[in-house]
>>> print(open('data.cif').read())   # mmCIF, N, CA and C atoms
data_work
#
loop_
_atom_site.label_atom_id
_atom_site.label_comp_id
_atom_site.auth_asym_id
_atom_site.auth_seq_id
_atom_site.Cartn_x
_atom_site.Cartn_y
_atom_site.Cartn_z
N MET A 9 -3.68 10.17 -3.95
CA MET A 9 -3.86 9.80 -5.35
C MET A 9 -4.23 11.03 -6.15
N PRO A 10 -3.98 11.00 -7.44
CA PRO A 10 -4.36 12.15 -8.28
C PRO A 10 -5.86 12.41 -8.18
N ARG A 11 -6.23 13.68 -8.29
CA ARG A 11 -7.65 14.06 -8.16
C ARG A 11 -8.54 13.38 -9.18
N TYR A 12 -7.98 13.07 -10.37
CA TYR A 12 -8.79 12.47 -11.42
C TYR A 12 -9.07 10.98 -11.20
N SER A 13 -8.45 10.37 -10.22
CA SER A 13 -8.68 8.95 -9.94
C SER A 13 -10.10 8.74 -9.44
N SER A 14 -10.75 7.69 -9.94
CA SER A 14 -12.12 7.39 -9.51
C SER A 14 -12.13 6.55 -8.23
N LEU A 15 -10.96 6.17 -7.75
CA LEU A 15 -10.86 5.34 -6.55
C LEU A 15 -10.26 6.11 -5.39
N LYS A 16 -10.71 5.78 -4.20
CA LYS A 16 -10.16 6.34 -2.98
C LYS A 16 -9.52 5.18 -2.22
N PHE A 17 -8.29 5.39 -1.72
CA PHE A 17 -7.55 4.33 -1.04
C PHE A 17 -7.34 4.70 0.42
N GLY A 18 -7.41 3.69 1.28
CA GLY A 18 -7.15 3.90 2.69
C GLY A 18 -6.46 2.68 3.28
N VAL A 19 -5.64 2.91 4.29
CA VAL A 19 -4.94 1.84 4.99
C VAL A 19 -5.55 1.69 6.37
N ASP A 20 -5.83 0.46 6.77
CA ASP A 20 -6.30 0.20 8.12
C ASP A 20 -5.09 0.36 9.04
N PRO A 21 -5.04 1.40 9.87
CA PRO A 21 -3.85 1.64 10.69
C PRO A 21 -3.54 0.50 11.66
N ASN A 22 -4.55 -0.26 12.05
CA ASN A 22 -4.33 -1.38 12.98
C ASN A 22 -3.60 -2.55 12.33
N THR A 23 -3.46 -2.52 11.01
CA THR A 23 -2.81 -3.64 10.31
C THR A 23 -1.36 -3.34 9.95
N ILE A 24 -0.89 -2.13 10.16
CA ILE A 24 0.48 -1.77 9.77
C ILE A 24 1.47 -2.43 10.73
N LYS A 25 2.38 -3.21 10.16
CA LYS A 25 3.42 -3.90 10.93
C LYS A 25 4.72 -3.85 10.13
N VAL A 26 5.84 -3.77 10.85
CA VAL A 26 7.14 -3.85 10.20
C VAL A 26 7.77 -5.18 10.61
N THR A 27 8.11 -5.99 9.63
CA THR A 27 8.68 -7.31 9.91
C THR A 27 10.18 -7.20 10.17
N GLY A 28 10.76 -8.26 10.67
CA GLY A 28 12.18 -8.28 10.98
C GLY A 28 13.08 -8.03 9.78
N ASP A 29 12.59 -8.32 8.58
CA ASP A 29 13.40 -8.09 7.38
C ASP A 29 13.11 -6.73 6.73
N GLY A 30 12.40 -5.85 7.46
CA GLY A 30 12.17 -4.49 6.98
C GLY A 30 11.01 -4.29 6.05
N VAL A 31 10.12 -5.28 5.93
CA VAL A 31 8.94 -5.15 5.07
C VAL A 31 7.81 -4.54 5.89
N VAL A 32 7.17 -3.52 5.35
CA VAL A 32 6.01 -2.90 5.99
C VAL A 32 4.77 -3.58 5.42
N ARG A 33 4.02 -4.27 6.28
CA ARG A 33 2.80 -4.97 5.84
C ARG A 33 1.58 -4.20 6.32
N TYR A 34 0.50 -4.28 5.53
CA TYR A 34 -0.70 -3.50 5.82
C TYR A 34 -1.87 -4.03 5.00
N VAL A 35 -3.07 -3.63 5.36
CA VAL A 35 -4.27 -3.88 4.56
C VAL A 35 -4.70 -2.55 3.97
N VAL A 36 -4.87 -2.52 2.65
CA VAL A 36 -5.33 -1.33 1.95
C VAL A 36 -6.71 -1.63 1.36
N VAL A 37 -7.60 -0.64 1.44
CA VAL A 37 -8.96 -0.77 0.91
C VAL A 37 -9.15 0.28 -0.17
N ALA A 38 -9.66 -0.14 -1.31
CA ALA A 38 -9.96 0.76 -2.42
C ALA A 38 -11.47 0.82 -2.59
N THR A 39 -12.01 2.04 -2.58
CA THR A 39 -13.45 2.22 -2.79
C THR A 39 -13.66 3.19 -3.94
N ASN A 40 -14.79 3.05 -4.60
CA ASN A 40 -15.16 3.95 -5.67
C ASN A 40 -15.65 5.25 -5.03
N LYS A 41 -15.17 6.40 -5.51
CA LYS A 41 -15.57 7.69 -4.95
C LYS A 41 -17.06 7.94 -5.09
N GLU A 42 -17.68 7.31 -6.06
CA GLU A 42 -19.11 7.49 -6.31
C GLU A 42 -19.96 6.55 -5.46
N GLY A 43 -19.32 5.73 -4.64
CA GLY A 43 -20.06 4.75 -3.84
C GLY A 43 -20.03 3.40 -4.52
N GLY A 44 -20.52 2.41 -3.83
CA GLY A 44 -20.55 1.09 -4.43
C GLY A 44 -19.54 0.16 -3.80
N GLY A 45 -18.95 -0.70 -4.61
CA GLY A 45 -18.08 -1.77 -4.14
C GLY A 45 -16.73 -1.32 -3.62
N PHE A 46 -16.01 -2.29 -3.12
CA PHE A 46 -14.67 -2.04 -2.63
C PHE A 46 -13.81 -3.27 -2.86
N ASN A 47 -12.51 -3.05 -2.82
CA ASN A 47 -11.52 -4.13 -2.87
C ASN A 47 -10.59 -3.94 -1.70
N ALA A 48 -10.07 -5.03 -1.17
CA ALA A 48 -9.09 -4.95 -0.09
C ALA A 48 -7.95 -5.91 -0.40
N PHE A 49 -6.74 -5.49 -0.03
CA PHE A 49 -5.54 -6.27 -0.29
C PHE A 49 -4.66 -6.28 0.94
N TYR A 50 -4.04 -7.42 1.20
CA TYR A 50 -3.02 -7.51 2.24
C TYR A 50 -1.69 -7.48 1.50
N GLU A 51 -0.90 -6.42 1.74
CA GLU A 51 0.30 -6.18 0.96
C GLU A 51 1.51 -5.92 1.85
N GLY A 52 2.65 -5.87 1.21
CA GLY A 52 3.88 -5.50 1.88
C GLY A 52 4.73 -4.64 0.97
N VAL A 53 5.42 -3.66 1.56
CA VAL A 53 6.34 -2.79 0.83
C VAL A 53 7.73 -3.01 1.42
N HIS A 54 8.69 -3.25 0.54
CA HIS A 54 10.08 -3.37 0.96
C HIS A 54 10.78 -2.07 0.54
N CYS A 55 10.88 -1.15 1.50
CA CYS A 55 11.40 0.18 1.21
C CYS A 55 12.82 0.13 0.64
N ALA A 56 13.64 -0.79 1.13
CA ALA A 56 15.04 -0.86 0.72
C ALA A 56 15.21 -1.16 -0.76
N THR A 57 14.26 -1.88 -1.35
CA THR A 57 14.37 -2.28 -2.75
C THR A 57 13.32 -1.62 -3.65
N ASP A 58 12.46 -0.75 -3.09
CA ASP A 58 11.37 -0.12 -3.85
C ASP A 58 10.48 -1.16 -4.52
N GLU A 59 10.09 -2.17 -3.75
CA GLU A 59 9.23 -3.23 -4.26
C GLU A 59 8.03 -3.44 -3.35
N TYR A 60 6.99 -4.06 -3.92
CA TYR A 60 5.80 -4.42 -3.14
C TYR A 60 5.35 -5.82 -3.53
N LYS A 61 4.54 -6.39 -2.65
CA LYS A 61 4.02 -7.73 -2.89
C LYS A 61 2.59 -7.78 -2.34
N THR A 62 1.69 -8.42 -3.07
CA THR A 62 0.33 -8.65 -2.59
C THR A 62 0.26 -10.08 -2.08
N TYR A 63 -0.08 -10.24 -0.80
CA TYR A 63 -0.14 -11.56 -0.17
C TYR A 63 -1.52 -12.19 -0.25
N ALA A 64 -2.58 -11.34 -0.19
CA ALA A 64 -3.95 -11.88 -0.20
C ALA A 64 -4.91 -10.80 -0.68
N ARG A 65 -6.06 -11.25 -1.17
CA ARG A 65 -7.14 -10.36 -1.60
C ARG A 65 -8.42 -10.75 -0.86
N PHE A 66 -9.20 -9.74 -0.50
CA PHE A 66 -10.48 -9.98 0.14
C PHE A 66 -11.49 -10.30 -0.95
N THR A 67 -12.23 -11.38 -0.79
CA THR A 67 -13.16 -11.83 -1.83
C THR A 67 -14.57 -11.34 -1.57
N SER A 68 -15.42 -11.44 -2.58
CA SER A 68 -16.80 -11.00 -2.46
C SER A 68 -17.60 -11.86 -1.48
N ASN A 69 -17.11 -13.06 -1.17
CA ASN A 69 -17.84 -13.89 -0.19
C ASN A 69 -17.35 -13.65 1.24
N GLY A 70 -16.51 -12.61 1.43
CA GLY A 70 -16.12 -12.20 2.77
C GLY A 70 -14.95 -12.94 3.37
N THR A 71 -14.11 -13.54 2.54
CA THR A 71 -12.94 -14.25 3.05
C THR A 71 -11.67 -13.73 2.37
N TRP A 72 -10.54 -13.98 3.00
CA TRP A 72 -9.26 -13.63 2.41
C TRP A 72 -8.75 -14.80 1.60
N GLU A 73 -8.34 -14.53 0.37
CA GLU A 73 -7.80 -15.56 -0.51
C GLU A 73 -6.32 -15.28 -0.73
N PRO A 74 -5.44 -16.18 -0.29
CA PRO A 74 -4.01 -15.96 -0.51
C PRO A 74 -3.68 -15.92 -2.00
N VAL A 75 -2.74 -15.07 -2.35
CA VAL A 75 -2.25 -15.00 -3.73
C VAL A 75 -1.31 -16.19 -3.94
N GLN A 76 -1.54 -16.92 -5.00
CA GLN A 76 -0.67 -18.04 -5.32
C GLN A 76 0.68 -17.51 -5.81
N ASN A 77 1.75 -17.94 -5.20
CA ASN A 77 3.11 -17.53 -5.58
C ASN A 77 3.27 -16.01 -5.67
N PRO A 78 3.04 -15.29 -4.57
CA PRO A 78 3.21 -13.82 -4.64
C PRO A 78 4.66 -13.47 -4.97
N GLU A 79 4.81 -12.44 -5.82
CA GLU A 79 6.14 -12.03 -6.26
C GLU A 79 6.35 -10.55 -5.99
N TRP A 80 7.59 -10.19 -5.73
CA TRP A 80 7.94 -8.78 -5.56
C TRP A 80 7.86 -8.09 -6.91
N LYS A 81 7.27 -6.88 -6.91
CA LYS A 81 7.16 -6.07 -8.13
C LYS A 81 7.68 -4.68 -7.81
N ARG A 82 8.12 -3.98 -8.83
CA ARG A 82 8.62 -2.62 -8.66
C ARG A 82 7.49 -1.67 -8.24
N ILE A 83 7.76 -0.82 -7.27
CA ILE A 83 6.75 0.14 -6.81
C ILE A 83 6.37 1.10 -7.92
N ASN A 84 7.31 1.46 -8.78
CA ASN A 84 6.99 2.43 -9.83
C ASN A 84 6.28 1.80 -11.02
N ASP A 85 5.84 0.55 -10.89
CA ASP A 85 5.01 -0.11 -11.90
C ASP A 85 3.71 0.68 -12.03
N ARG A 86 3.31 0.99 -13.21
CA ARG A 86 2.11 1.81 -13.43
C ARG A 86 0.83 1.19 -12.85
N THR A 87 0.83 -0.11 -12.60
CA THR A 87 -0.38 -0.74 -12.06
C THR A 87 -0.48 -0.58 -10.55
N SER A 88 0.52 0.03 -9.93
CA SER A 88 0.50 0.15 -8.47
C SER A 88 0.68 1.60 -8.02
N ARG A 89 0.00 2.52 -8.65
CA ARG A 89 0.14 3.94 -8.31
C ARG A 89 -0.17 4.19 -6.84
N TYR A 90 -1.18 3.51 -6.30
CA TYR A 90 -1.53 3.74 -4.90
C TYR A 90 -0.42 3.22 -3.98
N THR A 91 0.23 2.12 -4.36
CA THR A 91 1.33 1.59 -3.54
C THR A 91 2.49 2.58 -3.53
N GLN A 92 2.77 3.16 -4.66
CA GLN A 92 3.81 4.17 -4.75
C GLN A 92 3.47 5.34 -3.83
N ALA A 93 2.23 5.80 -3.87
CA ALA A 93 1.82 6.91 -3.01
C ALA A 93 1.95 6.53 -1.54
N LEU A 94 1.50 5.34 -1.16
CA LEU A 94 1.60 4.90 0.24
C LEU A 94 3.05 4.84 0.69
N ALA A 95 3.90 4.26 -0.14
CA ALA A 95 5.31 4.11 0.23
C ALA A 95 5.99 5.46 0.37
N TYR A 96 5.85 6.31 -0.62
CA TYR A 96 6.58 7.57 -0.63
C TYR A 96 5.98 8.63 0.28
N GLN A 97 4.68 8.56 0.54
CA GLN A 97 4.04 9.58 1.38
C GLN A 97 3.95 9.18 2.85
N GLY A 98 4.13 7.91 3.16
CA GLY A 98 3.92 7.58 4.55
C GLY A 98 4.68 6.40 5.12
N LEU A 99 4.84 5.33 4.34
CA LEU A 99 5.42 4.11 4.90
C LEU A 99 6.94 4.13 4.95
N CYS A 100 7.56 4.72 3.94
CA CYS A 100 9.02 4.69 3.83
C CYS A 100 9.62 6.07 4.06
N ARG A 101 10.84 6.05 4.53
CA ARG A 101 11.67 7.25 4.69
C ARG A 101 12.93 6.97 3.89
N GLY A 102 12.92 7.36 2.63
CA GLY A 102 14.01 6.97 1.74
C GLY A 102 13.93 5.48 1.47
N HIS A 103 15.02 4.77 1.76
CA HIS A 103 15.03 3.32 1.52
C HIS A 103 14.94 2.52 2.81
N ALA A 104 14.19 3.07 3.78
CA ALA A 104 13.97 2.38 5.05
C ALA A 104 12.55 2.68 5.52
N PRO A 105 11.98 1.79 6.31
CA PRO A 105 10.67 2.11 6.90
C PRO A 105 10.80 3.33 7.82
N ARG A 106 9.73 4.07 7.98
CA ARG A 106 9.74 5.19 8.94
C ARG A 106 10.07 4.65 10.32
N LEU A 107 10.40 5.51 11.24
CA LEU A 107 10.89 5.11 12.55
C LEU A 107 9.89 4.32 13.38
N SER A 108 8.58 4.58 13.15
CA SER A 108 7.57 3.87 13.93
C SER A 108 6.26 3.80 13.14
N VAL A 109 5.39 2.90 13.55
CA VAL A 109 4.06 2.81 12.92
C VAL A 109 3.30 4.11 13.16
N GLY A 110 3.45 4.69 14.34
CA GLY A 110 2.79 5.97 14.63
C GLY A 110 3.20 7.06 13.66
N GLU A 111 4.49 7.11 13.33
CA GLU A 111 4.97 8.10 12.37
C GLU A 111 4.38 7.81 10.99
N MET A 112 4.28 6.55 10.62
CA MET A 112 3.69 6.19 9.32
C MET A 112 2.25 6.69 9.25
N ILE A 113 1.51 6.46 10.31
CA ILE A 113 0.10 6.87 10.34
C ILE A 113 -0.01 8.39 10.23
N ARG A 114 0.83 9.12 10.95
CA ARG A 114 0.80 10.60 10.88
C ARG A 114 1.07 11.08 9.45
N PHE A 115 2.06 10.50 8.78
CA PHE A 115 2.37 10.92 7.42
C PHE A 115 1.28 10.52 6.43
N LEU A 116 0.65 9.36 6.64
CA LEU A 116 -0.44 8.96 5.74
C LEU A 116 -1.65 9.87 5.91
N LYS A 117 -1.89 10.34 7.12
CA LYS A 117 -3.03 11.24 7.36
C LYS A 117 -2.80 12.63 6.79
N ALA A 118 -1.55 13.06 6.74
CA ALA A 118 -1.22 14.40 6.26
C ALA A 118 0.03 14.34 5.38
N PRO A 119 -0.10 13.79 4.17
CA PRO A 119 1.07 13.66 3.30
C PRO A 119 1.67 15.03 2.95
N ILE A 120 2.99 15.02 2.81
CA ILE A 120 3.71 16.26 2.50
C ILE A 120 3.52 16.63 1.04
N ARG A 121 3.49 15.63 0.15
CA ARG A 121 3.39 15.91 -1.27
C ARG A 121 2.53 14.86 -1.96
N GLU A 122 2.02 15.22 -3.12
CA GLU A 122 1.27 14.28 -3.93
C GLU A 122 2.22 13.56 -4.87
N VAL A 123 1.96 12.30 -5.14
CA VAL A 123 2.74 11.56 -6.12
C VAL A 123 1.89 11.45 -7.37
N GLU A 124 2.36 11.95 -8.49
CA GLU A 124 1.59 11.91 -9.74
C GLU A 124 2.37 11.16 -10.78
#
>>> encode(input="data.cif", output="structure tokens")
Amino acid sequence: MPRYSSLKFGVDPNTIKVTGDGVVRYVVVATNKEGGGFNAFYEGVHCATDEYKTYARFTSNGTWEPVQNPEWKRINDRTSRYTQALAYQGLCRGHAPRLSVGEMIRFLKAPIREVE
């Protein structure tokens, strides 16, 4: 993420899965760089169409709440800058998922470029 962002994002590597239809699913956690609260989302990226979907959100009472009628949205939507960074820096290789979850994790740990 850009240096000026007040949030830090991370993906739980144990949650990364590629479904039969080519969607990369994962749990992403957003924390404030200054400390304090966090948000977590269960999402999917469809590399072939440059879209993402949020399936569930972690609530303050410690449970996952499914999103009612989740819809595919464009990755380049300004409200999903972190999703764009995850997709382009680690999850996708062009319009396809990377060859393996291990490769995705390696690229997420050491991205080649920043997305601004």
>>> atom_distance(input="data.cif", atom1="atom C of Ile24 (chain A)", atom2="atom C of Phe46 (chain A)")
20.5 Å
>>> closest_residue(input="data.cif", among="A:Tyr34, A:Arg89, A:Gly45, A:Glu51", to="Ser68 (chain A)", atoms="only C-alpha atoms")
A:Gly45
>>> closest_residue(input="data.cif", among="A:Val19, A:Val26, A:Val35, A:Ala48", to="Ser108 (chain A)", atoms="all atoms listed in the file")
A:Val26
>>> resolve_selection(input="data.cif", expression="the PyMOL selection byres (((chain A and resi 95 and name CA) around 12) and name CA)", output="count of residues only")
43
>>> select_by_dssp(input="data.cif", residues="region 46-122 of chain A", states="strand (DSSP E or B)", output="short mmCIF file (atom, residue, chain, number, x, y, z; two decimals) with N, CA and C atoms, keeping the file's coordinate frame")
data_model
loop_
_atom_site.label_atom_id
_atom_site.label_comp_id
_atom_site.auth_asym_id
_atom_site.auth_seq_id
_atom_site.Cartn_x
_atom_site.Cartn_y
_atom_site.Cartn_z
N PHE A 46 -16.01 -2.29 -3.12
CA PHE A 46 -14.67 -2.04 -2.63
C PHE A 46 -13.81 -3.27 -2.86
N ASN A 47 -12.51 -3.05 -2.82
CA ASN A 47 -11.52 -4.13 -2.87
C ASN A 47 -10.59 -3.94 -1.70
N ALA A 48 -10.07 -5.03 -1.17
CA ALA A 48 -9.09 -4.95 -0.09
C ALA A 48 -7.95 -5.91 -0.40
N PHE A 49 -6.74 -5.49 -0.03
CA PHE A 49 -5.54 -6.27 -0.29
C PHE A 49 -4.66 -6.28 0.94
N TYR A 50 -4.04 -7.42 1.20
CA TYR A 50 -3.02 -7.51 2.24
C TYR A 50 -1.69 -7.48 1.50
N GLU A 51 -0.90 -6.42 1.74
CA GLU A 51 0.30 -6.18 0.96
C GLU A 51 1.51 -5.92 1.85
N GLY A 52 2.65 -5.87 1.21
CA GLY A 52 3.88 -5.50 1.88
C GLY A 52 4.73 -4.64 0.97
N VAL A 53 5.42 -3.66 1.56
CA VAL A 53 6.34 -2.79 0.83
C VAL A 53 7.73 -3.01 1.42
N HIS A 54 8.69 -3.25 0.54
CA HIS A 54 10.08 -3.37 0.96
C HIS A 54 10.78 -2.07 0.54
N GLU A 59 10.09 -2.17 -3.75
CA GLU A 59 9.23 -3.23 -4.26
C GLU A 59 8.03 -3.44 -3.35
N TYR A 60 6.99 -4.06 -3.92
CA TYR A 60 5.80 -4.42 -3.14
C TYR A 60 5.35 -5.82 -3.53
N LYS A 61 4.54 -6.39 -2.65
CA LYS A 61 4.02 -7.73 -2.89
C LYS A 61 2.59 -7.78 -2.34
N THR A 62 1.69 -8.42 -3.07
CA THR A 62 0.33 -8.65 -2.59
C THR A 62 0.26 -10.08 -2.08
N TYR A 63 -0.08 -10.24 -0.80
CA TYR A 63 -0.14 -11.56 -0.17
C TYR A 63 -1.52 -12.19 -0.25
N ALA A 64 -2.58 -11.34 -0.19
CA ALA A 64 -3.95 -11.88 -0.20
C ALA A 64 -4.91 -10.80 -0.68
N ARG A 65 -6.06 -11.25 -1.17
CA ARG A 65 -7.14 -10.36 -1.60
C ARG A 65 -8.42 -10.75 -0.86
N PHE A 66 -9.20 -9.74 -0.50
CA PHE A 66 -10.48 -9.98 0.14
C PHE A 66 -11.49 -10.30 -0.95
N TRP A 72 -10.54 -13.98 3.00
CA TRP A 72 -9.26 -13.63 2.41
C TRP A 72 -8.75 -14.80 1.60
N GLU A 73 -8.34 -14.53 0.37
CA GLU A 73 -7.80 -15.56 -0.51
C GLU A 73 -6.32 -15.28 -0.73
N PRO A 74 -5.44 -16.18 -0.29
CA PRO A 74 -4.01 -15.96 -0.51
C PRO A 74 -3.68 -15.92 -2.00
N LYS A 81 7.27 -6.88 -6.91
CA LYS A 81 7.16 -6.07 -8.13
C LYS A 81 7.68 -4.68 -7.81
N ARG A 82 8.12 -3.98 -8.83
CA ARG A 82 8.62 -2.62 -8.66
C ARG A 82 7.49 -1.67 -8.24
N CYS A 100 7.56 4.72 3.94
CA CYS A 100 9.02 4.69 3.83
C CYS A 100 9.62 6.07 4.06
N ARG A 101 10.84 6.05 4.53
CA ARG A 101 11.67 7.25 4.69
C ARG A 101 12.93 6.97 3.89
N ALA A 104 14.19 3.07 3.78
CA ALA A 104 13.97 2.38 5.05
C ALA A 104 12.55 2.68 5.52
N PRO A 105 11.98 1.79 6.31
CA PRO A 105 10.67 2.11 6.90
C PRO A 105 10.80 3.33 7.82
#
>>> resolve_selection(input="data.cif", expression="the PyMOL selection byres ((chain A and resi 76-80) around 7)", output="list in words")
Glu59, Tyr60, Lys61, Thr62, Tyr63, Glu73, Pro74, Val75, Lys81 and Arg82 of chain A
>>> atom_distance(input="data.cif", atom1="CA of Tyr50 (chain A)", atom2="atom C of Gly18 (chain A)")
10.8 Å
>>> select_by_dssp(input="data.cif", residues="region 64-111 of chain A", states="alpha helix (DSSP H)", output="ChimeraX atom specification")
/A:89-94,109-111
>>> atom_distance(input="data.cif", atom1="CA of Gly70 (chain A)", atom2="CA of Lys16 (chain A)")
20.3 Å
